[in-house]
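A.B. asks: What follows is data_7.txt; its format and atoms are compact mmCIF, C-alpha atoms.
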```txt
# COMPACT_ATOMS: atom_id res chain seq x y z
CA MET Z 596 182.46 -170.17 -24.63
CA GLY Z 597 181.34 -171.20 -28.13
CA TRP Z 598 182.39 -169.53 -31.36
CA SER Z 599 178.93 -168.02 -31.89
CA THR Z 600 179.06 -166.50 -28.42
CA ILE Z 601 182.54 -165.06 -29.04
CA ARG Z 602 181.45 -163.63 -32.39
CA ALA Z 603 178.32 -162.11 -30.84
CA ALA Z 604 180.40 -160.53 -28.09
CA GLY Z 605 182.85 -159.14 -30.63
CA LEU Z 606 180.01 -157.71 -32.70
CA ALA Z 607 178.55 -156.10 -29.60
CA VAL Z 608 181.88 -154.43 -28.80
CA THR Z 609 182.19 -153.20 -32.39
CA MET Z 610 178.65 -151.81 -32.42
CA ALA Z 611 179.25 -150.13 -29.07
CA ALA Z 612 182.41 -148.50 -30.41
CA LEU Z 613 180.59 -147.32 -33.53
CA GLY Z 614 177.80 -145.98 -31.38
CA ALA Z 615 180.27 -144.08 -29.21
CA THR Z 616 181.95 -142.60 -32.29
CA THR Z 617 178.59 -141.57 -33.75
CA ALA Z 618 177.57 -139.98 -30.46
CA LEU Z 619 180.89 -138.14 -30.31
CA ALA Z 620 180.34 -136.73 -33.79
CA GLN Z 621 176.72 -135.77 -33.07
CA ASP Z 622 177.64 -133.97 -29.84
CA TRP Z 623 180.67 -132.19 -31.31
CA PRO Z 624 181.51 -129.54 -30.34
CA SER Z 625 180.44 -129.75 -26.72
CA ARG Z 626 183.48 -128.02 -25.21
CA ASP Z 627 186.38 -125.73 -26.08
CA ILE Z 628 188.67 -126.63 -28.96
CA THR Z 629 192.45 -126.34 -28.65
CA PHE Z 630 194.08 -124.72 -31.68
CA ILE Z 631 197.81 -125.46 -31.71
CA ILE Z 632 200.19 -123.01 -33.34
CA PRO Z 633 203.66 -124.58 -33.53
CA TYR Z 634 205.32 -121.15 -33.67
CA ALA Z 635 206.02 -118.36 -31.20
CA PRO Z 636 203.36 -115.68 -30.66
CA GLY Z 637 203.66 -112.39 -32.51
CA GLY Z 638 204.09 -111.55 -36.17
CA GLY Z 639 202.06 -112.28 -39.25
CA THR Z 640 201.46 -115.98 -38.58
CA ASP Z 641 199.97 -115.20 -35.19
CA MET Z 642 197.76 -112.49 -36.71
CA LEU Z 643 196.45 -114.99 -39.25
CA ALA Z 644 195.71 -117.55 -36.54
CA GLN Z 645 193.97 -114.99 -34.34
CA GLU Z 646 191.73 -113.83 -37.18
CA PHE Z 647 190.91 -117.37 -38.30
CA THR Z 648 190.13 -118.71 -34.82
CA ARG Z 649 187.82 -115.80 -34.02
CA LYS Z 650 185.75 -116.57 -37.07
CA LEU Z 651 185.97 -120.34 -36.64
CA SER Z 652 184.55 -119.96 -33.12
CA ASP Z 653 181.54 -118.11 -34.51
CA VAL Z 654 180.95 -120.66 -37.27
CA ILE Z 655 181.11 -123.82 -35.14
CA GLY Z 656 179.58 -122.33 -31.99
CA ALA Z 657 182.41 -123.21 -29.63
CA THR Z 658 185.36 -121.36 -28.14
CA VAL Z 659 188.61 -122.00 -29.99
CA ILE Z 660 191.64 -121.45 -27.74
CA ILE Z 661 195.08 -120.87 -29.23
CA ASP Z 662 197.88 -122.93 -27.69
CA TYR Z 663 201.37 -121.81 -28.73
CA ARG Z 664 203.82 -124.71 -28.92
CA PRO Z 665 207.01 -123.35 -30.55
CA GLY Z 666 210.27 -125.22 -30.94
CA GLY Z 667 212.18 -127.17 -33.53
CA SER Z 668 211.18 -124.71 -36.28
CA GLY Z 669 207.58 -125.86 -35.88
CA SER Z 670 208.21 -129.58 -35.46
CA VAL Z 671 207.51 -129.66 -31.71
CA GLY Z 672 203.99 -128.29 -31.92
CA THR Z 673 203.19 -130.25 -35.05
CA GLY Z 674 204.24 -133.44 -33.27
CA ILE Z 675 201.99 -132.62 -30.33
CA ALA Z 676 199.08 -132.04 -32.70
CA VAL Z 677 199.40 -135.30 -34.64
CA ARG Z 678 199.66 -137.32 -31.39
CA ALA Z 679 196.68 -135.68 -29.68
CA PRO Z 680 193.42 -137.58 -29.08
CA ALA Z 681 191.47 -137.84 -32.35
CA ASP Z 682 188.26 -136.44 -30.91
CA GLY Z 683 187.97 -133.13 -32.76
CA TYR Z 684 189.05 -131.05 -29.79
CA THR Z 685 192.65 -130.54 -30.91
CA VAL Z 686 193.54 -129.06 -34.29
CA ALA Z 687 196.57 -127.16 -35.54
CA MET Z 688 197.57 -124.57 -38.11
CA VAL Z 689 200.73 -125.91 -39.74
CA SER Z 690 202.80 -124.75 -42.69
CA ASN Z 691 203.50 -126.77 -45.80
CA GLY Z 692 207.18 -126.75 -44.87
CA ASN Z 693 206.54 -128.48 -41.55
CA LEU Z 694 204.22 -131.01 -43.14
CA THR Z 695 206.32 -131.91 -46.18
CA MET Z 696 209.92 -130.75 -45.72
CA SER Z 697 210.57 -131.37 -42.02
CA PRO Z 698 209.98 -135.17 -42.24
CA LEU Z 699 212.56 -135.32 -45.05
CA THR Z 700 215.24 -133.46 -43.11
CA ILE Z 701 214.64 -134.18 -39.39
CA PRO Z 702 214.94 -137.83 -38.29
CA GLY Z 703 212.45 -139.39 -35.88
CA LEU Z 704 209.47 -137.08 -36.22
CA PRO Z 705 206.07 -138.57 -35.28
CA TRP Z 706 204.75 -137.97 -38.79
CA ASP Z 707 206.20 -139.14 -42.09
CA GLY Z 708 203.60 -137.80 -44.46
CA ILE Z 709 199.94 -137.28 -45.24
CA ASP Z 710 198.93 -140.69 -43.83
CA ASP Z 711 199.87 -139.54 -40.32
CA TYR Z 712 197.33 -136.71 -40.01
CA VAL Z 713 194.06 -135.47 -41.48
CA VAL Z 714 194.10 -132.27 -43.52
CA LEU Z 715 190.95 -130.24 -42.92
CA GLY Z 716 191.43 -127.08 -44.93
CA LYS Z 717 193.65 -124.31 -46.19
CA ILE Z 718 193.77 -121.03 -44.29
CA GLY Z 719 196.06 -118.75 -46.27
CA ASP Z 720 198.93 -118.80 -48.76
CA GLN Z 721 201.86 -116.36 -48.91
CA PRO Z 722 204.07 -116.53 -52.01
CA VAL Z 723 207.80 -115.87 -52.21
CA VAL Z 724 208.70 -112.52 -53.78
CA LEU Z 725 211.98 -111.56 -55.48
CA ALA Z 726 212.95 -107.99 -54.57
CA ALA Z 727 215.76 -105.58 -55.40
CA ARG Z 728 216.93 -102.15 -54.31
CA SER Z 729 215.04 -99.41 -56.08
CA ASP Z 730 218.24 -98.32 -57.86
CA ALA Z 731 219.03 -101.81 -59.20
CA GLU Z 732 219.53 -101.97 -62.94
CA TRP Z 733 216.96 -104.75 -63.26
CA SER Z 734 213.22 -104.51 -62.65
CA THR Z 735 211.83 -107.69 -64.22
CA LEU Z 736 212.62 -111.37 -63.87
CA GLU Z 737 214.04 -111.46 -67.39
CA GLU Z 738 216.38 -108.58 -66.53
CA TYR Z 739 217.43 -110.27 -63.29
CA ILE Z 740 218.28 -113.43 -65.21
CA ALA Z 741 220.31 -111.47 -67.77
CA PHE Z 742 222.09 -109.65 -64.93
CA ALA Z 743 222.93 -112.94 -63.19
CA LYS Z 744 224.08 -114.61 -66.41
CA SER Z 745 226.53 -111.77 -67.01
CA ARG Z 746 228.09 -112.32 -63.56
CA PRO Z 747 228.13 -116.09 -62.91
CA GLY Z 748 228.94 -116.84 -59.29
CA ASN Z 749 229.10 -113.16 -58.39
CA VAL Z 750 225.43 -112.41 -57.76
CA HIS Z 751 224.25 -112.96 -54.19
CA ALA Z 752 220.67 -113.34 -52.96
CA ALA Z 753 219.56 -113.18 -49.33
CA THR Z 754 217.12 -115.85 -48.12
CA SER Z 755 215.65 -116.99 -44.82
CA GLY Z 756 217.42 -120.36 -45.03
CA GLN Z 757 218.56 -123.02 -47.47
CA LEU Z 758 215.56 -125.31 -47.02
CA THR Z 759 212.94 -122.58 -46.72
CA PRO Z 760 210.71 -121.59 -49.65
CA SER Z 761 212.85 -118.49 -50.21
CA GLY Z 762 216.06 -120.52 -50.27
CA LEU Z 763 214.53 -123.07 -52.61
CA GLY Z 764 213.43 -120.20 -54.85
CA VAL Z 765 217.05 -119.26 -55.53
CA GLU Z 766 218.05 -122.85 -56.27
CA MET Z 767 215.05 -123.68 -58.45
CA LEU Z 768 215.47 -120.53 -60.53
CA ASN Z 769 219.17 -121.32 -60.83
CA ALA Z 770 218.27 -124.74 -62.20
CA GLN Z 771 215.53 -123.62 -64.58
CA ALA Z 772 217.33 -120.53 -65.92
CA ASP Z 773 220.86 -122.00 -65.81
CA LEU Z 774 222.12 -119.42 -63.32
CA ASP Z 775 224.86 -119.45 -60.70
CA VAL Z 776 223.37 -117.12 -58.10
CA VAL Z 777 224.76 -117.67 -54.60
CA ALA Z 778 222.08 -118.00 -51.91
CA ILE Z 779 223.01 -116.37 -48.60
CA PRO Z 780 220.88 -117.57 -45.65
CA MET Z 781 220.09 -114.89 -43.08
CA SER Z 782 218.99 -115.10 -39.46
CA GLY Z 783 215.79 -113.19 -40.11
CA GLY Z 784 213.94 -110.59 -42.11
CA ALA Z 785 215.67 -107.64 -40.47
CA GLU Z 786 219.14 -108.92 -41.37
CA SER Z 787 218.03 -109.66 -44.93
CA LEU Z 788 216.78 -106.11 -45.40
CA THR Z 789 219.93 -104.63 -43.87
CA GLN Z 790 222.14 -106.68 -46.17
CA LEU Z 791 220.15 -105.76 -49.28
CA LEU Z 792 219.78 -102.06 -48.49
CA GLY Z 793 223.46 -101.89 -47.55
CA GLY Z 794 224.51 -103.31 -50.90
CA HIS Z 795 226.00 -106.49 -49.45
CA VAL Z 796 223.70 -108.70 -51.54
CA ASP Z 797 222.10 -108.05 -54.91
CA ALA Z 798 218.66 -109.55 -54.40
CA LEU Z 799 216.27 -110.74 -51.73
CA PHE Z 800 213.91 -113.72 -51.84
CA SER Z 801 211.33 -112.98 -49.16
CA TYR Z 802 207.63 -112.34 -48.50
CA GLY Z 803 205.42 -109.36 -49.23
CA PRO Z 804 204.79 -108.19 -45.64
CA ALA Z 805 208.52 -108.31 -44.83
CA ILE Z 806 209.37 -105.80 -47.57
CA LYS Z 807 206.16 -103.75 -47.86
CA GLY Z 808 207.43 -100.87 -45.71
CA GLN Z 809 210.60 -100.50 -47.77
CA VAL Z 810 208.65 -100.77 -51.03
CA ASP Z 811 206.25 -98.05 -49.90
CA ALA Z 812 209.23 -95.91 -48.86
CA GLY Z 813 210.77 -96.25 -52.31
CA GLU Z 814 213.81 -98.17 -51.08
CA LEU Z 815 212.95 -101.55 -52.63
CA LYS Z 816 210.99 -102.81 -55.61
CA PRO Z 817 209.22 -106.16 -56.01
CA VAL Z 818 210.43 -107.86 -59.17
CA THR Z 819 208.50 -111.10 -59.48
CA VAL Z 820 206.13 -113.31 -57.49
CA PHE Z 821 206.59 -117.10 -57.36
CA SER Z 822 202.90 -117.97 -57.56
CA THR Z 823 200.42 -119.39 -60.04
CA THR Z 824 197.81 -116.78 -59.13
CA PRO Z 825 197.96 -112.96 -59.08
CA TYR Z 826 199.20 -111.39 -55.86
CA PRO Z 827 197.00 -108.43 -54.83
CA PHE Z 828 199.59 -107.24 -52.28
CA PHE Z 829 201.83 -106.27 -55.23
CA ALA Z 830 199.21 -106.16 -57.94
CA ASP Z 831 201.51 -104.71 -60.61
CA THR Z 832 204.27 -107.29 -60.14
CA GLY Z 833 204.50 -110.11 -62.66
CA LEU Z 834 204.52 -113.83 -61.92
CA ALA Z 835 207.47 -116.13 -62.58
CA GLN Z 836 205.26 -118.41 -64.63
CA ASP Z 837 204.46 -115.50 -66.96
CA ALA Z 838 208.15 -115.44 -67.84
CA GLY Z 839 208.12 -119.19 -68.50
CA TYR Z 840 209.38 -120.48 -65.15
CA ASN Z 841 207.23 -123.09 -63.42
CA ILE Z 842 208.00 -122.12 -59.84
CA ASP Z 843 205.21 -121.92 -57.27
CA LEU Z 844 206.77 -121.35 -53.86
CA GLY Z 845 205.58 -119.92 -50.60
CA THR Z 846 204.24 -120.64 -47.16
CA LYS Z 847 200.84 -122.31 -47.13
CA PHE Z 848 198.98 -122.82 -43.88
CA TYR Z 849 196.77 -125.89 -43.43
CA LEU Z 850 194.34 -126.89 -40.70
CA ILE Z 851 195.16 -130.45 -39.58
CA ALA Z 852 194.03 -132.94 -36.93
CA PRO Z 853 195.12 -136.41 -35.71
CA LYS Z 854 194.70 -139.12 -38.35
CA ASP Z 855 191.89 -141.12 -36.69
CA LEU Z 856 189.50 -138.18 -36.47
CA PRO Z 857 185.90 -139.39 -37.06
CA GLN Z 858 184.80 -138.63 -40.60
CA ASP Z 859 181.70 -136.69 -39.52
CA ILE Z 860 183.78 -134.31 -37.41
CA ALA Z 861 186.35 -133.94 -40.18
CA GLU Z 862 183.63 -132.94 -42.62
CA LYS Z 863 182.21 -130.41 -40.16
CA LEU Z 864 185.63 -128.83 -39.74
CA ARG Z 865 186.26 -128.78 -43.49
CA ALA Z 866 182.92 -127.08 -44.08
CA ALA Z 867 183.60 -124.58 -41.30
CA THR Z 868 187.03 -123.74 -42.73
CA LEU Z 869 185.55 -123.11 -46.18
CA GLU Z 870 182.87 -120.92 -44.63
CA VAL Z 871 185.47 -118.81 -42.82
CA THR Z 872 187.77 -118.39 -45.82
CA ALA Z 873 184.81 -117.44 -48.04
CA GLN Z 874 183.86 -114.48 -45.83
CA ASP Z 875 184.54 -111.12 -47.45
CA ASP Z 876 186.17 -109.61 -44.38
CA PHE Z 877 188.48 -112.61 -43.96
CA GLN Z 878 189.52 -112.33 -47.60
CA ALA Z 879 190.13 -108.62 -47.06
CA PHE Z 880 192.32 -109.51 -44.07
CA LEU Z 881 194.31 -111.93 -46.24
CA ALA Z 882 194.82 -109.36 -49.00
CA ASN Z 883 195.80 -106.59 -46.58
CA ASN Z 884 198.36 -108.79 -44.83
CA GLY Z 885 200.14 -110.26 -47.83
CA TYR Z 886 198.24 -113.53 -48.17
CA VAL Z 887 196.17 -114.88 -51.02
CA LYS Z 888 192.93 -116.77 -50.61
CA PRO Z 889 193.76 -120.48 -50.93
CA ALA Z 890 192.17 -122.60 -53.61
CA GLU Z 891 188.98 -124.35 -52.49
CA LEU Z 892 190.19 -127.94 -52.63
CA ASP Z 893 188.29 -130.97 -51.39
CA ALA Z 894 189.98 -133.49 -49.11
CA ALA Z 895 191.47 -135.46 -52.00
CA GLY Z 896 192.72 -132.27 -53.64
CA MET Z 897 194.53 -131.15 -50.50
CA VAL Z 898 196.11 -134.58 -50.08
CA GLU Z 899 197.36 -134.48 -53.66
CA GLU Z 900 198.68 -130.93 -53.20
CA LEU Z 901 200.71 -132.00 -50.17
CA LYS Z 902 201.99 -135.11 -51.93
CA ALA Z 903 203.09 -132.96 -54.87
CA GLU Z 904 204.85 -130.62 -52.45
CA GLU Z 905 206.68 -133.55 -50.90
CA ARG Z 906 207.84 -134.69 -54.34
CA LEU Z 907 209.01 -131.14 -55.07
CA ASN Z 908 210.94 -131.05 -51.81
CA ARG Z 909 212.61 -134.37 -52.55
CA ASP Z 910 213.71 -133.01 -55.92
CA ALA Z 911 214.92 -129.80 -54.28
CA LEU Z 912 217.01 -131.73 -51.75
CA THR Z 913 218.56 -133.71 -54.59
CA LEU Z 914 219.25 -130.44 -56.39
CA ILE Z 915 221.29 -129.10 -53.47
CA GLY Z 916 222.99 -132.45 -52.81
CA GLN Z 917 221.19 -133.40 -49.59
CA GLU Z 918 219.85 -136.91 -49.00
CA PRO Z 919 216.31 -137.11 -47.54
CA VAL Z 920 216.13 -138.98 -44.23
CA LEU Z 921 213.00 -140.85 -45.40
```
Let me see whether you can do it: turn the structure in this file into structure tokens.
C.D. replies:
Amino acid sequence: MGWSTIRAAGLAVTMAALGATTALAQDWPSRDITFIIPYAPGGGTDMLAQEFTRKLSDVIGATVIIDYRPGGSGSVGTGIAVRAPADGYTVAMVSNGNLTMSPLTIPGLPWDGIDDYVVLGKIGDQPVVLAARSDAEWSTLEEYIAFAKSRPGNVHAATSGQLTPSGLGVEMLNAQADLDVVAIPMSGGAESLTQLLGGHVDALFSYGPAIKGQVDAGELKPVTVFSTTPYPFFADTGLAQDAGYNIDLGTKFYLIAPKDLPQDIAEKLRAATLEVTAQDDFQAFLANNGYVKPAELDAAGMVEELKAEERLNRDALTLIGQEPVL
């Protein structure tokens, strides 16, 4: 076989592959789409996924079926999602922590960073909130800082874990405000509330929905929100940045797909995600459930946001004396 024949055969294979990819994109979606949630069913995350998938189904004209794949604090389902066929029929709703912190702390995951998946959109953001008992002597971030400075090493704050956004909130505020607040990781939201209401800790770094009932009952008060945008869930609560502290922490949920997803399908999914999150009733759902509408970022903007988050997490690990595994 001559070189020209080999080259012609290779070109034919390439053109056939391109044609198949184009046909795939043109026909998409022609069947149900699997929507992986790497967390257990129930709770606020599940509610968000249910609401989003209902609307996504309407927008794209195909049934979107939720597939719960919990385990490994979200790493099991995320791994399944990034290794799925890149045909547009498997997507996942994954948190910023799983995308940017897990690879730094869990060896051997099938994704190292943004190059190992395609980010298609943002679904909802939920910022960390600093809360206190209603009878606490401090009600603002400045007063909390003064309180902590007067008792170095003797102020305790409950969190959901050292490497969670709430745990990092304690450490980052310690670093920026020169505090020595002791972070106490709890097994869950119920234990955190019990410890705070019982007077066993002085403060709680948590999320709006977890404390809303106690705030409404007059048992707790939100003190500050670690966000760069106002938080309608606690509209009268100030932001940390307003007090001069550059701390933007919370759980942010992204829609992702395997990295080799055809560009045409990726763009269709990005457009569909923006259409869903722009709907008034979806935004009302976000506000009523303690989320904020995510910024409308293009693909490059979301990539940069996740890269910035990874840099922040590396710095945070250094701050607490832990070496990243990557």
A.B. asks: What's around Gly674 (chain Z) at 7 Å? Count all atoms listed in the file, leave out sequence neighbours fewer than 4 positions away in its own chain, and write the answer as a list in words.
C.D. replies: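 Residues near the query, excluding close chain neighbours: Ser670, Arg678 and Pro705 of chain Z.
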A.B. asks: Residues at most 9 Å from Asp730 (chain Z), counting only C-alpha atoms, excluding those fewer than 5 positions away in the same chain, as a list in words?
C.D. replies: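 Using only C-alpha atoms, the neighbours found are Glu814, Leu815 and Lys816 of chain Z.
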A.B. asks: Select, from Z:Asn883, Z:Ser745, Z:Gln917, Z:Asn908, the residue with the minimum atom-to-atom distance to Asn693 (chain Z), counting all atoms listed in the file.
C.D. replies: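 Residue with the minimum atom-to-atom distance to Asn693 (chain Z): Z:Asn908.
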A.B. asks: With only C-alpha atoms as the counted atoms, please give the residues lying no more than 10 Å from Leu921 (chain Z), apart from itself and same-chain residues fewer than 3 positions off, as number ranges by chain.
C.D. replies: Z: 698-703, 707-708, 909, 918
A.B. asks: Which neighbours of Ala644 (chain Z) fall inside 9 Å, counting all atoms listed in the file, when residues of the same chain fewer than 2 positions from it are skipped, and could you give them as a VMD selection string?
C.D. replies: chain Z and resid 630 632 639 to 642 646 to 649 661 688 718
A.B. asks: Compile the contact shell of Val796 (chain Z) as a ChimeraX atom specification: residues with an atom at most 9 Å away, counting all atoms listed in the file, same-chain residues fewer than 2 positions apart removed.
C.D. replies: /Z:750-753,779,787,790-794,798-799
A.B. asks: From the options Z:Leu704, Z:Ala879, Z:Leu643, Z:Val686, which residue's atoms come nearest to Gly667 (chain Z), counting all atoms listed in the file?
C.D. replies: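 Residue with the minimum atom-to-atom distance to Gly667 (chain Z): Z:Leu704.
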A.B. asks: One number please: CA of Ser801 (chain Z) to CA of Gly764 (chain Z), in Å, one decimal.
C.D. replies: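 For CA of Ser801 (chain Z) relative to CA of Gly764 (chain Z), the distance reads 9.4 Å.
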A.B. asks: Find the residue from Z:Ala620, Z:Leu892, Z:Ala861, Z:Leu763 that sits nearest to Gly845 (chain Z); use all atoms listed in the file when measuring.
C.D. replies: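 For Gly845 (chain Z), the nearest of the candidates is Z:Leu763.
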